[in-house]
Amino acid sequence: MDYNYLAQLLFPDITTTPEDMEQRFPPRQLPEGAKVTRFAPSPTGFLHLGNLYGAFTDERLAHTSGGVFFLRIEDTDAKRAVPGGVELIIKTLASFGLEFDEGAVIDGDKGAYGPYRQSERAEIYHTYAKKLVSEGKAYPCFCTEEELEAIRAKQEAEKLNLGYYGEFAIWRDAPIEKIEEKLKAGEQFVLRFRSEGSIENHFKFNDQIKGDINVTENDIDHVILKSDGIPTYHFAHAVDDHLMRTTHVVRDESWLSTLPFHIQLFKALGFKLPKYCHTAQVMKLDNGNKRKISKRKDPEFAATFYREQGYPAAVTREYLITLLNSNFEEWRLANQTAPIEDFKFTTKKMSVSGSLFDMDKLGDISKNVISRMSADEVYDGVLEWAQQYDTDFAAKLADNPDMAKAVFAIGRGGKKPRKDIARWGEVKAYMSFFYDDYFTVDSVELNFDKADIKAALSGFLATYSPTDDSAVWFDKVKAVADGVGFASDMKAYKANPSAFKGSVADISGFIRLAVTGRQNSPDLYTVMQILGEERVRARINNMINSL
RNA sequence: GGCCCGUUGGUCAAGCGGCUAAGACACCGCCCUUUCACGGCGGUAACGGGAGUUCGAUUCUCCCACGGGUCACCA
């Protein structure tokens, strides 16, 4: 067989050579040890937690090594493309603080190794396809869907391994005449890789995350160019990651099964194999079983979902990194305010088995992250979220930023900050009583004499002054307690509760209920300072009158 | 079914031949405290099973079980 003739027959218009490509995309000039990674999604416009998990790995690997992190769009399957998908991907990642050094941008490319959309790289792929054909390493296959289906049925019936291999690879060694005949008839073909592998052969492969793994050689003649001339993932991966000079391929472990084929491809093309980092998958519990999260079935794993729920982007990032590197939590505990960039990220600390997403843990991390923010940052975060998801609340926040910030400042900034907020969506409930429109009084059964409650509230109003400091303020509350026969000293009260009608804690409770409408609240003195004398008096009077 | 990966408490996980088997989340209790939150202290709870190697296995080997993944002209 004259393979050069066949190559010319199949790709008459291709005049470029692999050498041209090598010149066009020369090795990168980077410092020793710099890693080049890529995030390579298909443009469905939808990213889930698993995508982010990989993207963070890519980004950290590149940016902790002085390397390059780029975006490549894998749009070889038109069916999966969604209008605006690329833009959505870029914006979503940006919202999590992931910025690309090069690659596809919204209306084009940035960088010297493009195009970065696979749909624009046909000539490049065909150049290498032609080369493979000319070397006898790839061949056209004219099988119809029906024929392939028949092969499959036979294999299933005889319990053989499925696939286009061995005796089933009917076009593998077809005579040139037969090929020309089909070509003349205008029949479509796919290009298949001629595998020289055997499933009898096994070898070890070192994965950066999984360590040494055992693999079996591939014996299937996989499709590398589809009938429309567009490459399959496998072929595009080899060509692109070689020419774009990717040093580390990060992808989830479901790709492990096709790794042998990829190794073959790189070898056949004369490419140096990149390092592979096969990540464990993020799982969810479904009917008591773990399973890989899916784009279609699990909207709650959409990358955008957490923002909608009101988790700051930094939280998702923080959570994912705790999953990604097992020593991150410890580091974070010791470096509470350090930027995440200071953490030494490594594939050595990555889990080899899939982990379940833990909403409780996310909530805890979120409380910690938010508790470390300044009042201004909290205000900005809540406002931005509310503007989209709770416009009424947003208007109130915007109407009086000073008050909102004063509320957020309660118990904030010290060594042990309050941790009330896990999601922006919880803020309204947390502080609603500061707004007259939202203020309501919980119906609470107070097991005290109404006359005493009234007397206590009136007594408090009689001496209350907003200019008192907190110590004076509380002394007055104690005085009220004494005045109505409640204990002002908690120790005395606890020693002998029956000697009193109640304690100063109960008096505070009455005032708290009147002022905030609830039994629990942040520091009451500060709350009253923020509310102002007028509203404090009005609310307490309201309660007196309602009793 | 073939091939591949995995298996330490409810969850995330340290561990890399000898430990009372870390820590975090969740849960429970106590303390602090005018409520809540924070914080402090303590508690419940784990090496899937069986052989083997070894003086000694959570750590090494093999088998089994279970879980997961993958077998497209999708990525």
# chains A, B, ... in the order shown; residues from 1 in each chain; ligands from 1
>>> closest_atom_pairs(of="region 381-463 of chain A", to="region 329-339 of chain A", cutoff="12 Å", atoms="only C-alpha atoms", output="CSV")
residue,atom,partner,partner_atom,distance
A:Gly413,CA,A:Thr337,CA,11.8
A:Lys415,CA,A:Gln336,CA,10.8
A:Lys416,CA,A:Gln336,CA,11.8
>>> interface_residues(of="chain B", to="chain A", cutoff="8 Å", atoms="only C-alpha atoms (C1' of nucleotides)", output="PyMOL selection string")
chain B and resi 1-6+11-13+23-26+34-39+67-71+73-75
>>> atom_distance(atom1="CA of Val484 (chain A)", atom2="CA of Asn541 (chain A)")
18.0 Å
>>> select_by_dssp(residues="region 49-81 of chain A", states="strand (DSSP E or B)", output="ChimeraX atom specification")
/A:68-71,73
>>> write_last_selection(atoms="C-alpha atoms", output="PDB file, in the first residue's frame")
ATOM      1  CA  VAL A  68       0.759  29.701  32.125  1.00  0.00           C
ATOM      2  CA  PHE A  69      -2.916  28.970  32.626  1.00  0.00           C
ATOM      3  CA  PHE A  70      -4.947  29.118  29.448  1.00  0.00           C
ATOM      4  CA  LEU A  71      -8.450  28.512  28.198  1.00  0.00           C
ATOM      5  CA  ILE A  73     -12.688  25.744  24.013  1.00  0.00           C
TER       6      ILE A  73
END
>>> closest_residue(among="A:Gln529, A:Lys349, A:Glu123, A:Trp473", to="A14 (chain B)", atoms="only C-alpha atoms (C1' of nucleotides)")
A:Lys349
>>> atom_distance(atom1="CA of Ala404 (chain A)", atom2="CA of Ile540 (chain A)")
22.1 Å
>>> closest_residue(among="A:Thr37, A:Ser498, A:Thr316, A:Gln118", to="Ala104 (chain A)", atoms="only C-alpha atoms")
A:Gln118
>>> select_by_dssp(residues="region 329-524 of chain A", states="helix (DSSP H, G or I)", output="PyMOL selection string")
chain A and resi 329-334+340-342+347-349+359-371+375-389+391-399+401-409+424-434+450-463+470-483+490-495+497-499+504-516+524
>>> residues_around(residues="region 41-55 of chain B", least_positions_apart="6", cutoff="8 Å", atoms="only C-alpha atoms (C1' of nucleotides)", output="JSON, numbers by chain")
{"B": [7, 8, 9, 21, 28, 29, 30, 31, 61, 62, 63, 64, 65, 66]}
>>> closest_residue(among="A:Lys494, A:Arg307, A:Gly502, A:Ile453", to="Asn545 (chain A)", atoms="only C-alpha atoms")
A:Ile453
>>> decode(residues="chain B", atoms="C-alpha atoms (C1' of nucleotides)", output="short mmCIF file (atom, residue, chain, number, x, y, z; two decimals), in the first residue's frame")
data_model
loop_
_atom_site.label_atom_id
_atom_site.label_comp_id
_atom_site.auth_asym_id
_atom_site.auth_seq_id
_atom_site.Cartn_x
_atom_site.Cartn_y
_atom_site.Cartn_z
"C1'" G B 1 -19.38 -8.53 31.12
"C1'" G B 2 -13.95 -6.57 29.90
"C1'" C B 3 -10.63 -2.98 31.63
"C1'" C B 4 -9.24 0.76 35.29
"C1'" C B 5 -9.54 3.30 40.04
"C1'" G B 6 -10.83 3.24 45.03
"C1'" U B 7 -12.23 1.34 50.40
"C1'" U B 8 -9.72 4.81 58.02
"C1'" G B 9 -15.72 7.39 62.47
"C1'" G B 10 -22.24 10.17 59.55
"C1'" U B 11 -18.94 13.59 56.09
"C1'" C B 12 -13.82 15.51 54.60
"C1'" A B 13 -9.47 13.32 56.10
"C1'" A B 14 -3.98 12.60 58.67
"C1'" G B 15 -1.19 8.14 58.74
"C1'" C B 16 3.23 6.04 54.82
"C1'" G B 17 5.73 -1.61 59.77
"C1'" G B 18 5.54 -0.55 66.27
"C1'" C B 19 0.85 5.67 67.87
"C1'" U B 20 -3.95 5.26 73.82
"C1'" A B 21 -5.23 5.59 65.11
"C1'" A B 22 -4.48 13.20 64.40
"C1'" G B 23 -7.53 17.20 63.01
"C1'" A B 24 -12.01 19.67 60.74
"C1'" C B 25 -17.50 19.52 59.98
"C1'" A B 26 -21.92 17.53 62.15
"C1'" C B 27 -23.95 15.66 66.81
"C1'" C B 28 -24.10 15.48 72.43
"C1'" G B 29 -22.57 17.43 77.34
"C1'" C B 30 -20.19 21.05 80.48
"C1'" C B 31 -18.00 26.00 81.19
"C1'" C B 32 -18.06 31.28 80.02
"C1'" U B 33 -22.36 34.47 79.60
"C1'" U B 34 -28.16 39.61 80.69
"C1'" U B 35 -30.13 36.38 75.21
"C1'" C B 36 -27.82 34.77 70.83
"C1'" A B 37 -23.29 34.16 68.48
"C1'" C B 38 -18.13 33.59 69.60
"C1'" G B 39 -14.72 31.08 72.62
"C1'" G B 40 -12.89 27.11 76.08
"C1'" C B 41 -13.14 21.99 77.81
"C1'" G B 42 -14.87 17.12 77.16
"C1'" G B 43 -17.69 13.03 74.78
"C1'" U B 44 -19.99 9.38 71.07
"C1'" A B 45 -17.93 7.34 66.61
"C1'" A B 46 -13.35 4.33 62.05
"C1'" C B 47 -8.87 1.01 59.70
"C1'" G B 48 -14.64 -3.81 54.46
"C1'" G B 49 -13.41 -9.44 54.94
"C1'" G B 50 -9.85 -13.53 54.53
"C1'" A B 51 -5.09 -15.48 53.80
"C1'" G B 52 0.20 -14.45 53.59
"C1'" U B 53 5.14 -11.70 54.64
"C1'" U B 54 7.03 -10.11 59.45
"C1'" C B 55 8.94 -10.40 66.16
"C1'" G B 56 4.95 -6.91 64.86
"C1'" A B 57 0.41 -4.90 60.20
"C1'" U B 58 -4.27 0.63 59.07
"C1'" U B 59 0.44 0.70 56.56
"C1'" C B 60 3.60 -4.55 52.16
"C1'" U B 61 1.57 -8.99 48.82
"C1'" C B 62 -2.50 -11.96 47.10
"C1'" C B 63 -7.70 -13.32 46.95
"C1'" C B 64 -12.69 -11.87 47.82
"C1'" A B 65 -16.56 -8.36 48.76
"C1'" C B 66 -18.36 -3.66 48.11
"C1'" G B 67 -18.32 1.30 45.87
"C1'" G B 68 -17.03 4.21 41.65
"C1'" G B 69 -15.61 5.02 36.56
"C1'" U B 70 -15.30 3.67 31.46
"C1'" C B 71 -16.23 0.84 27.13
"C1'" A B 72 -19.62 6.72 20.86
"C1'" C B 73 -18.36 9.80 14.45
"C1'" C B 74 -19.72 13.18 23.34
"C1'" A B 75 -16.30 15.52 25.68
#
